[in-house]
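Enquirer: Below you'll find final-v7.cif; it's mmCIF, C-alpha atoms.
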data_structure
#
loop_
_atom_site.label_atom_id
_atom_site.label_comp_id
_atom_site.auth_asym_id
_atom_site.auth_seq_id
_atom_site.Cartn_x
_atom_site.Cartn_y
_atom_site.Cartn_z
CA MET N 1 4.53 -34.03 24.99
CA MET N 2 1.79 -35.65 26.94
CA ILE N 3 -0.04 -32.32 27.16
CA PHE N 4 -0.98 -32.76 23.51
CA ARG N 5 -4.30 -34.54 23.03
CA LYS N 6 -4.95 -36.78 20.05
CA ILE N 7 -7.88 -35.62 17.94
CA PHE N 8 -9.62 -36.62 14.76
CA ALA N 9 -8.06 -37.10 11.37
CA ALA N 10 -9.71 -36.69 7.98
CA THR N 11 -8.70 -36.30 4.37
CA PHE N 12 -10.53 -34.14 1.89
CA ILE N 13 -10.69 -35.22 -1.75
CA VAL N 14 -9.85 -32.70 -4.46
CA THR N 15 -13.44 -31.78 -5.26
CA SER N 16 -14.17 -30.88 -1.65
CA ILE N 17 -11.17 -28.53 -1.57
CA VAL N 18 -12.32 -26.72 -4.70
CA SER N 19 -16.06 -26.55 -4.11
CA CYS N 20 -16.10 -26.88 -0.30
CA LYS N 21 -19.12 -29.15 -0.43
CA PRO N 22 -19.11 -31.90 2.21
CA GLN N 23 -17.83 -35.20 0.82
CA ALA N 24 -17.23 -38.64 2.26
CA ALA N 25 -13.92 -38.69 4.10
CA ASP N 26 -11.18 -41.20 3.38
CA THR N 27 -9.59 -41.84 6.76
CA SER N 28 -6.84 -44.04 5.35
CA ASN N 29 -4.68 -40.94 5.03
CA ILE N 30 -4.30 -39.08 8.31
CA ASN N 31 -4.42 -35.31 8.07
CA ASP N 32 -6.29 -32.63 9.88
CA PRO N 33 -6.05 -29.33 7.95
CA PHE N 34 -4.19 -28.22 11.07
CA ALA N 35 -0.40 -28.62 11.01
CA GLY N 36 -0.38 -31.72 13.18
CA ASP N 37 -2.40 -34.58 14.59
CA TYR N 38 -2.58 -33.19 18.11
CA ARG N 39 -4.48 -30.35 19.69
CA MET N 40 -3.36 -28.73 22.91
CA ALA N 41 -5.78 -28.82 25.83
CA GLY N 42 -7.92 -25.69 26.00
CA ASP N 43 -7.40 -24.73 22.36
CA SER N 44 -10.55 -23.12 20.94
CA THR N 45 -9.03 -22.47 17.51
CA VAL N 46 -11.08 -23.60 14.50
CA TYR N 47 -9.11 -25.43 11.80
CA GLY N 48 -10.15 -25.98 8.21
CA LEU N 49 -9.72 -25.15 4.55
CA ALA N 50 -10.39 -21.78 2.92
CA CYS N 51 -13.14 -22.18 0.34
CA LYS N 52 -13.81 -20.50 -2.97
CA GLY N 53 -15.84 -17.40 -2.18
CA SER N 54 -13.54 -16.08 0.54
CA SER N 55 -12.71 -12.37 0.24
CA ASP N 56 -11.07 -9.47 2.04
CA ASP N 57 -14.18 -9.20 4.21
CA ALA N 58 -14.96 -12.81 4.98
CA ILE N 59 -13.58 -16.34 4.92
CA LEU N 60 -15.67 -19.33 3.93
CA LEU N 61 -14.14 -22.14 5.96
CA LEU N 62 -14.67 -25.87 5.49
CA PRO N 63 -14.22 -27.28 9.02
CA ALA N 64 -11.85 -30.17 9.59
CA ASP N 65 -14.74 -32.48 10.47
CA GLY N 66 -16.13 -32.12 6.94
CA SER N 67 -19.32 -30.38 8.07
CA ASP N 68 -20.92 -27.55 6.11
CA PRO N 69 -18.77 -24.50 5.33
CA VAL N 70 -19.04 -21.61 7.79
CA ARG N 71 -18.68 -17.95 6.83
CA TYR N 72 -16.58 -15.81 9.19
CA ASP N 73 -16.45 -12.02 9.11
CA ILE N 74 -12.80 -10.85 9.11
CA VAL N 75 -13.27 -7.08 8.70
CA SER N 76 -12.21 -6.29 12.28
CA ALA N 77 -9.34 -8.79 12.20
CA THR N 78 -8.05 -7.23 8.98
CA ARG N 79 -8.14 -3.73 10.45
CA LYS N 80 -6.18 -4.94 13.49
CA ASN N 81 -3.59 -6.74 11.31
CA LYS N 82 -4.71 -10.09 12.67
CA VAL N 83 -5.07 -11.79 9.30
CA LEU N 84 -1.64 -13.38 9.15
CA GLY N 85 -0.61 -14.50 5.70
CA SER N 86 -2.57 -14.33 2.48
CA VAL N 87 -5.67 -16.51 2.16
CA ASN N 88 -6.23 -18.55 -1.00
CA THR N 89 -8.69 -21.29 -1.87
CA GLY N 90 -7.55 -24.62 -0.44
CA ASP N 91 -5.17 -23.15 2.15
CA ARG N 92 -5.10 -24.66 5.62
CA ILE N 93 -6.37 -22.07 8.06
CA ALA N 94 -6.34 -21.63 11.84
CA LEU N 95 -9.09 -19.25 12.92
CA VAL N 96 -9.81 -17.84 16.38
CA PRO N 97 -13.54 -17.06 16.67
CA ASN N 98 -14.86 -14.15 18.69
CA LYS N 99 -16.17 -15.31 22.07
CA LYS N 100 -19.40 -13.30 21.76
CA ARG N 101 -20.04 -13.48 18.01
CA ALA N 102 -19.37 -16.97 16.75
CA ASN N 103 -19.25 -15.99 13.08
CA VAL N 104 -16.66 -13.24 13.58
CA ALA N 105 -12.95 -14.08 13.52
CA ASP N 106 -10.57 -12.33 15.90
CA MET N 107 -7.54 -13.84 14.15
CA VAL N 108 -6.75 -15.81 11.02
CA ILE N 109 -3.47 -17.68 10.42
CA ASN N 110 -2.51 -19.29 7.12
CA LEU N 111 -0.86 -22.51 8.31
CA ASP N 112 0.46 -23.39 4.86
CA GLU N 113 2.27 -20.06 4.72
CA LEU N 114 3.58 -20.50 8.26
CA ARG N 115 5.15 -23.85 7.47
CA GLY N 116 8.66 -23.92 6.04
CA VAL N 117 12.20 -22.90 7.00
CA TRP N 118 12.60 -19.63 8.93
CA CYS N 119 15.98 -18.16 9.91
CA TYR N 120 17.66 -15.16 11.52
CA MET N 121 21.29 -14.03 11.61
CA VAL N 122 23.58 -14.46 14.62
CA MET N 123 27.13 -13.19 15.20
CA PRO N 124 29.76 -14.83 17.43
CA ARG N 125 31.59 -12.99 20.19
CA MET N 126 35.20 -13.20 21.27
CA ARG N 127 35.51 -15.40 24.34
CA GLN N 128 36.80 -13.69 27.47
CA ASP N 129 39.41 -15.77 29.30
CA GLY N 130 39.05 -14.70 32.91
CA HIS N 131 41.30 -17.24 34.69
CA GLU N 132 44.60 -17.21 32.84
CA GLN N 133 47.25 -16.95 35.54
CA GLU N 134 50.40 -17.51 33.57
CA GLN N 135 51.33 -14.38 31.63
CA ALA N 136 53.23 -16.15 28.85
CA ARG N 137 50.45 -18.66 28.20
CA GLY N 138 47.89 -15.88 28.34
CA ARG N 139 49.76 -13.73 25.82
CA ALA N 140 50.14 -16.70 23.46
CA LYS N 141 46.47 -17.48 23.53
CA ASP N 142 45.49 -13.84 23.19
CA SER N 143 47.79 -13.55 20.19
CA MET N 144 46.22 -16.58 18.56
CA ALA N 145 42.74 -15.28 19.31
CA ASP N 146 43.61 -11.96 17.66
CA SER N 147 44.97 -13.67 14.55
CA LEU N 148 41.92 -15.90 14.27
CA SER N 149 39.27 -13.36 15.17
CA LEU N 150 38.65 -12.05 11.67
CA SER N 151 38.46 -15.52 10.15
CA LEU N 152 36.27 -16.95 12.92
CA LEU N 153 33.85 -14.06 13.36
CA VAL N 154 31.55 -15.55 10.76
CA PRO N 155 27.80 -14.87 10.93
CA LEU N 156 25.51 -17.89 10.96
CA GLU N 157 21.83 -18.43 10.30
CA TYR N 158 19.79 -19.99 13.09
CA GLY N 159 16.17 -20.95 12.91
CA PHE N 160 13.62 -23.71 12.64
CA TRP N 161 11.86 -25.85 10.08
CA LEU N 162 8.09 -26.07 10.63
CA LYS N 163 6.99 -29.31 8.99
CA SER N 164 3.62 -30.96 8.49
CA GLN N 165 2.15 -33.11 11.26
CA GLY N 166 3.32 -30.50 13.77
CA GLU N 167 6.94 -31.67 13.55
CA ALA N 168 9.75 -29.15 13.95
CA ALA N 169 13.52 -29.21 13.53
CA SER N 170 16.30 -26.79 14.41
CA VAL N 171 18.14 -25.19 11.49
CA GLY N 172 21.81 -24.30 11.96
CA TYR N 173 22.09 -26.47 15.08
CA ILE N 174 25.59 -27.97 15.27
CA ARG N 175 26.40 -30.13 18.25
CA GLU N 176 30.16 -29.53 17.90
CA LEU N 177 29.81 -25.79 18.48
CA ASN N 178 28.57 -26.55 21.98
CA ALA N 179 30.95 -29.49 22.63
CA LEU N 180 34.02 -27.40 21.84
CA ALA N 181 32.79 -24.23 23.52
CA ASP N 182 35.56 -24.11 26.13
CA GLY N 183 38.29 -24.33 23.51
CA ASN N 184 36.88 -21.89 20.99
CA PRO N 185 38.26 -18.34 20.91
CA VAL N 186 34.77 -17.21 19.89
CA THR N 187 31.35 -18.31 21.05
CA TYR N 188 27.94 -18.41 19.39
CA PRO N 189 24.55 -17.94 21.08
CA ALA N 190 22.84 -21.15 22.15
CA LEU N 191 20.21 -22.63 19.86
CA ASP N 192 17.42 -24.84 21.18
CA TYR N 193 16.78 -28.29 19.73
CA PHE N 194 13.23 -27.93 18.39
CA VAL N 195 10.94 -30.94 18.10
CA LYS N 196 7.28 -29.84 17.83
CA TRP N 197 5.12 -26.84 17.01
CA GLN N 198 1.44 -26.06 17.58
CA ILE N 199 -1.10 -23.27 17.53
CA TRP N 200 -2.97 -22.53 20.75
CA ASN N 201 -5.74 -19.90 20.69
CA GLY N 202 -3.88 -17.91 18.07
CA LYS N 203 -0.50 -18.25 19.80
CA PHE N 204 2.49 -20.06 18.35
CA VAL N 205 3.89 -22.76 20.66
CA MET N 206 7.27 -24.38 20.08
CA ALA N 207 8.51 -27.43 21.98
CA SER N 208 12.23 -28.04 22.44
CA GLY N 209 14.30 -30.51 24.42
CA ARG N 210 17.73 -31.90 25.12
CA PRO N 211 18.57 -34.61 22.55
CA LYS N 212 19.72 -38.03 23.74
CA TYR N 213 22.25 -39.69 21.43
CA ASP N 214 22.82 -43.42 21.01
CA LYS N 215 26.18 -45.10 20.32
CA ASP N 216 25.83 -44.28 16.62
CA ASN N 217 25.43 -40.59 17.43
CA THR N 218 21.77 -40.70 16.38
CA VAL N 219 19.09 -38.89 18.36
CA GLU N 220 16.97 -41.51 20.12
CA GLY N 221 14.83 -39.26 22.28
CA TYR N 222 14.61 -36.04 24.26
CA THR N 223 14.71 -34.90 27.85
CA ASP N 224 13.88 -31.62 29.60
CA ILE N 225 11.05 -30.79 27.17
CA LYS N 226 9.97 -27.15 27.42
CA TYR N 227 7.34 -25.07 25.64
CA ASP N 228 7.80 -21.49 24.48
CA THR N 229 4.72 -19.45 23.60
CA CYS N 230 4.91 -16.56 21.12
CA SER N 231 2.49 -14.14 19.51
CA ILE N 232 2.62 -14.00 15.73
CA ASP N 233 3.01 -10.33 14.86
CA PHE N 234 3.54 -10.61 11.11
CA LEU N 235 3.45 -13.31 8.44
CA SER N 236 4.00 -13.09 4.71
CA HIS N 237 5.50 -15.34 2.07
CA ASP N 238 9.07 -14.35 3.00
CA SER N 239 8.87 -12.71 6.45
CA LEU N 240 7.81 -13.72 9.95
CA ALA N 241 7.87 -11.86 13.26
CA LEU N 242 7.38 -13.56 16.64
CA THR N 243 7.28 -12.03 20.11
CA ASP N 244 7.92 -13.88 23.36
CA ARG N 245 8.88 -12.84 26.88
CA ASN N 246 12.35 -11.87 25.64
CA GLY N 247 11.19 -9.55 22.86
CA THR N 248 10.45 -9.60 19.13
CA ARG N 249 12.52 -11.40 16.50
CA GLY N 250 12.21 -11.20 12.74
CA TYR N 251 12.79 -14.20 10.46
CA HIS N 252 13.39 -14.61 6.75
CA ARG N 253 12.33 -17.63 4.75
CA LYS N 254 14.85 -20.07 3.31
CA LYS N 255 14.09 -22.52 0.54
CA ASP N 256 16.18 -25.35 1.96
CA ALA N 257 17.38 -26.21 5.46
CA SER N 258 20.30 -28.24 4.12
CA GLU N 259 21.95 -25.11 2.73
CA VAL N 260 21.93 -23.46 6.14
CA ASN N 261 23.09 -26.61 7.95
CA LYS N 262 25.91 -27.17 5.46
CA LYS N 263 27.34 -23.71 6.16
CA ALA N 264 27.02 -24.24 9.92
CA GLN N 265 28.90 -27.54 9.64
CA ALA N 266 31.72 -25.85 7.72
CA VAL N 267 32.00 -23.16 10.39
CA ALA N 268 31.97 -25.81 13.12
CA ALA N 269 34.84 -27.66 11.43
CA LYS N 270 36.83 -24.44 11.27
CA HIS N 271 36.19 -23.76 14.95
CA LYS N 272 37.17 -27.31 15.88
CA LYS N 273 40.51 -26.87 14.17
CA ALA N 274 41.07 -23.51 15.91
CA ALA N 275 40.12 -24.97 19.29
CA LEU N 276 42.59 -27.85 18.90
CA ARG N 277 45.36 -25.43 17.95
CA ARG N 278 44.53 -23.18 20.87
CA ASN N 279 44.46 -26.01 23.40
CA ALA N 280 47.81 -27.31 22.11
CA LEU N 281 49.59 -24.15 23.26
CA PRO N 282 51.92 -24.59 26.26
#
Just give me the structure as structure tokens.
Expert:
Amino acid sequence: MMIFRKIFAATFIVTSIVSCKPQAADTSNINDPFAGDYRMAGDSTVYGLACKGSSDDAILLLPADGSDPVRYDIVSATRKNKVLGSVNTGDRIALVPNKKRANVADMVINLDELRGVWCYMVMPRMRQDGHEQEQARGRAKDSMADSLSLSLLVPLEYGFWLKSQGEAASVGYIRELNALADGNPVTYPALDYFVKWQIWNGKFVMASGRPKYDKDNTVEGYTDIKYDTCSIDFLSHDSLALTDRNGTRGYHRKKDASEVNKKAQAVAAKHKKAALRRNALP
């Protein structure tokens, strides 16, 4: 994550959020109105707080440096569906200014509305055993797979939790589902281990890596960090749509990540038991 560059931090007191008049900053509490403390190199996005006086035609934005509020025209962005999320006084906003007209916004993203737990549904598939040479062993395993298929073909929710400070976490990620993959009669799609999220010129960037576990099975770091860049096509209180090189995916909001993870753990335990039974066959 060395490509992220540390930038300023400032805290706005309550009166500055409401009135959007510049106030003395208290730097004892780190927080840019942006989601995190780092800005990616080359990011021209403007971050700040939506002020009282914003409307369907314009946003009055208090910049993150505490300077005077700036009024941005959003008429064109609204027509092009580039105002992502509703805008209310005090919301943290990411705004992409027009390159030729500095007071016109090409895109507006409500960062407070973007944060949270977002999920999508996945279905497992029956595993194809392509190298079974012994007919009796093959028939036994196929028979067990048939008997377990209905009980194991359970849909799961995958997704991510976008936290403050630019932190991210995978939702529905269960290590055991990957560890027991060879023994499972069914297989689930892979889910990345997410660690960080950012905005870059109106794009959504997610960082993921391979977790390194210590002797206590606790994640102590990451390797093979990669960055996926998506366009944000739609954002509302309960819906999100992202498009990357592989296509568009829709997400629904969940109130709590623990609910999703608990179900995934129960499914993993069921699969572990099935895998042990399957591998015990002669």
Enquirer: State, in Å with one decimal place, the distance from CA of Tyr251 in chain N to CA of Ala50 in chain N.
Expert: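 Calculated distance between CA of Tyr251 in chain N and CA of Ala50 in chain N is 25.5 Å.
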Enquirer: Quick one, how far is CA of Ser55 in chain N from CA of Lys82 in chain N?
Expert: 15.0 Å
Enquirer: Quote the spacing between CA of Leu84 in chain N and CA of Leu114 in chain N in Å to one decimal place.
Expert: 8.9 Å
Enquirer: Might you spell out which residues the PyMOL selection byres ((chain N and resi 222) around 9) would select in the displayed file, as a list in words?
Expert: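 Those residues are Val195, Ser208, Gly209, Arg210, Pro211, Lys212, Tyr213, Val219, Glu220, Gly221, Thr223, Asp224 and Ile225 of chain N.
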Enquirer: Please save C-alpha atoms of the selected residues as a PDB file, in the coordinates of the input.
Expert:
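As written to disk, selection32.pdb reads:
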ATOM      1  CA  VAL N 195      10.940 -30.940  18.100  1.00  0.00           C
ATOM      2  CA  SER N 208      12.230 -28.040  22.440  1.00  0.00           C
ATOM      3  CA  GLY N 209      14.300 -30.510  24.420  1.00  0.00           C
ATOM      4  CA  ARG N 210      17.730 -31.900  25.120  1.00  0.00           C
ATOM      5  CA  PRO N 211      18.570 -34.610  22.550  1.00  0.00           C
ATOM      6  CA  LYS N 212      19.720 -38.030  23.740  1.00  0.00           C
ATOM      7  CA  TYR N 213      22.250 -39.690  21.430  1.00  0.00           C
ATOM      8  CA  VAL N 219      19.090 -38.890  18.360  1.00  0.00           C
ATOM      9  CA  GLU N 220      16.970 -41.510  20.120  1.00  0.00           C
ATOM     10  CA  GLY N 221      14.830 -39.260  22.280  1.00  0.00           C
ATOM     11  CA  THR N 223      14.710 -34.900  27.850  1.00  0.00           C
ATOM     12  CA  ASP N 224      13.880 -31.620  29.600  1.00  0.00           C
ATOM     13  CA  ILE N 225      11.050 -30.790  27.170  1.00  0.00           C
TER      14      ILE N 225
END
Enquirer: Which residue, N:Ile174, N:Val83, N:Ala266, N:Val122, has the smallest gap to Ile232 in chain N when you use all atoms listed in the file?
Expert: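 Closest residue, counting all atoms listed in the file: N:Val83.
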Enquirer: I'd like the contact shell of Arg253 in chain N - 9 Å cut-off, only C-alpha atoms, skipping same-chain residues fewer than 6 positions apart - returned as a ChimeraX atom specification.
Expert: /N:116-120,237-240
Enquirer: Taking only C-alpha atoms into account, which of N:Cys51, N:Val70, N:Ile59, N:Pro189 comes nearest Met121 in chain N?
Expert: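 Going through N:Cys51, N:Val70, N:Ile59, N:Pro189 one by one, the smallest distance to Met121 in chain N is for N:Pro189.
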Enquirer: Which of these residues is nearest to Tyr47 in chain N, using only C-alpha atoms: N:Asp192, N:Tyr158, N:Arg101, N:Ile199?
Expert: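 Looking only at the distances to Tyr47 in chain N, the closest residue turns out to be N:Ile199.
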Enquirer: Which is closer to Lys203 in chain N than all the others in N:Leu95, N:Leu61, N:Val260, N:Asp73, using only C-alpha atoms?
Expert: N:Leu95
Enquirer: Would you translate the PyMOL selection byres ((chain N and resi 259) around 12) into the concrete set of residues it matches in this file, as a list of chain:residue names?
Expert: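 What the PyMOL selection byres ((chain N and resi 259) around 12) grabs from the file is N:Val117, N:Cys119, N:Leu156, N:Glu157, N:Tyr158, N:Val171, N:Gly172, N:Lys254, N:Lys255, N:Asp256, N:Ala257, N:Ser258, N:Val260, N:Asn261, N:Lys262, N:Lys263, N:Ala264, N:Gln265, N:Ala266.
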Enquirer: Give me the residues near Asn81 in chain N as an MDAnalysis selection string, where near means some atom within 10 Å (using all atoms listed in the file) and where sequence neighbours in that chain fewer than 6 positions away do not count.
Expert: chainID N and resid 107:108 233:234
Enquirer: Could the residues in this selection be saved with C-alpha atoms as a PDB file, keeping the file's coordinate frame?
Expert:
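Contents of the output file again_25.pdb:
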ATOM      1  CA  MET N 107      -7.540 -13.840  14.150  1.00  0.00           C
ATOM      2  CA  VAL N 108      -6.750 -15.810  11.020  1.00  0.00           C
ATOM      3  CA  ASP N 233       3.010 -10.330  14.860  1.00  0.00           C
ATOM      4  CA  PHE N 234       3.540 -10.610  11.110  1.00  0.00           C
TER       5      PHE N 234
END
Enquirer: I'd like the residues picked by the PyMOL selection byres ((chain N and resi 162) around 9) written out as an MDAnalysis selection string, using the chain letters and numbers from the file.
Expert: chainID N and resid 35 114:118 160:161 163:164 166:169 196:197
Enquirer: Could those selected residues go to a file with C-alpha atoms, as a compact mmCIF listing (two decimals), keeping the file's coordinate frame?
Expert:
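Contents of the output file selection-v1.txt:
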# COMPACT_ATOMS: atom_id res chain seq x y z
CA ALA N 35 -0.40 -28.62 11.01
CA LEU N 114 3.58 -20.50 8.26
CA ARG N 115 5.15 -23.85 7.47
CA GLY N 116 8.66 -23.92 6.04
CA VAL N 117 12.20 -22.90 7.00
CA TRP N 118 12.60 -19.63 8.93
CA PHE N 160 13.62 -23.71 12.64
CA TRP N 161 11.86 -25.85 10.08
CA LYS N 163 6.99 -29.31 8.99
CA SER N 164 3.62 -30.96 8.49
CA GLY N 166 3.32 -30.50 13.77
CA GLU N 167 6.94 -31.67 13.55
CA ALA N 168 9.75 -29.15 13.95
CA ALA N 169 13.52 -29.21 13.53
CA LYS N 196 7.28 -29.84 17.83
CA TRP N 197 5.12 -26.84 17.01
Enquirer: Between N:Gly53, N:Val186, N:Asp43, N:Phe194, single out the one closest to Ala94 in chain N, counting only C-alpha atoms.
Expert: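 Of the candidates, the smallest distance to Ala94 in chain N is held by N:Asp43.
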Enquirer: Pick out the closest residue to Gln198 in chain N from this set: N:Leu153, N:Leu242, N:Ala105, N:Leu111. Count all atoms listed in the file.
Expert: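 Comparing N:Leu153, N:Leu242, N:Ala105, N:Leu111 against Gln198 in chain N, the winner is N:Leu111.
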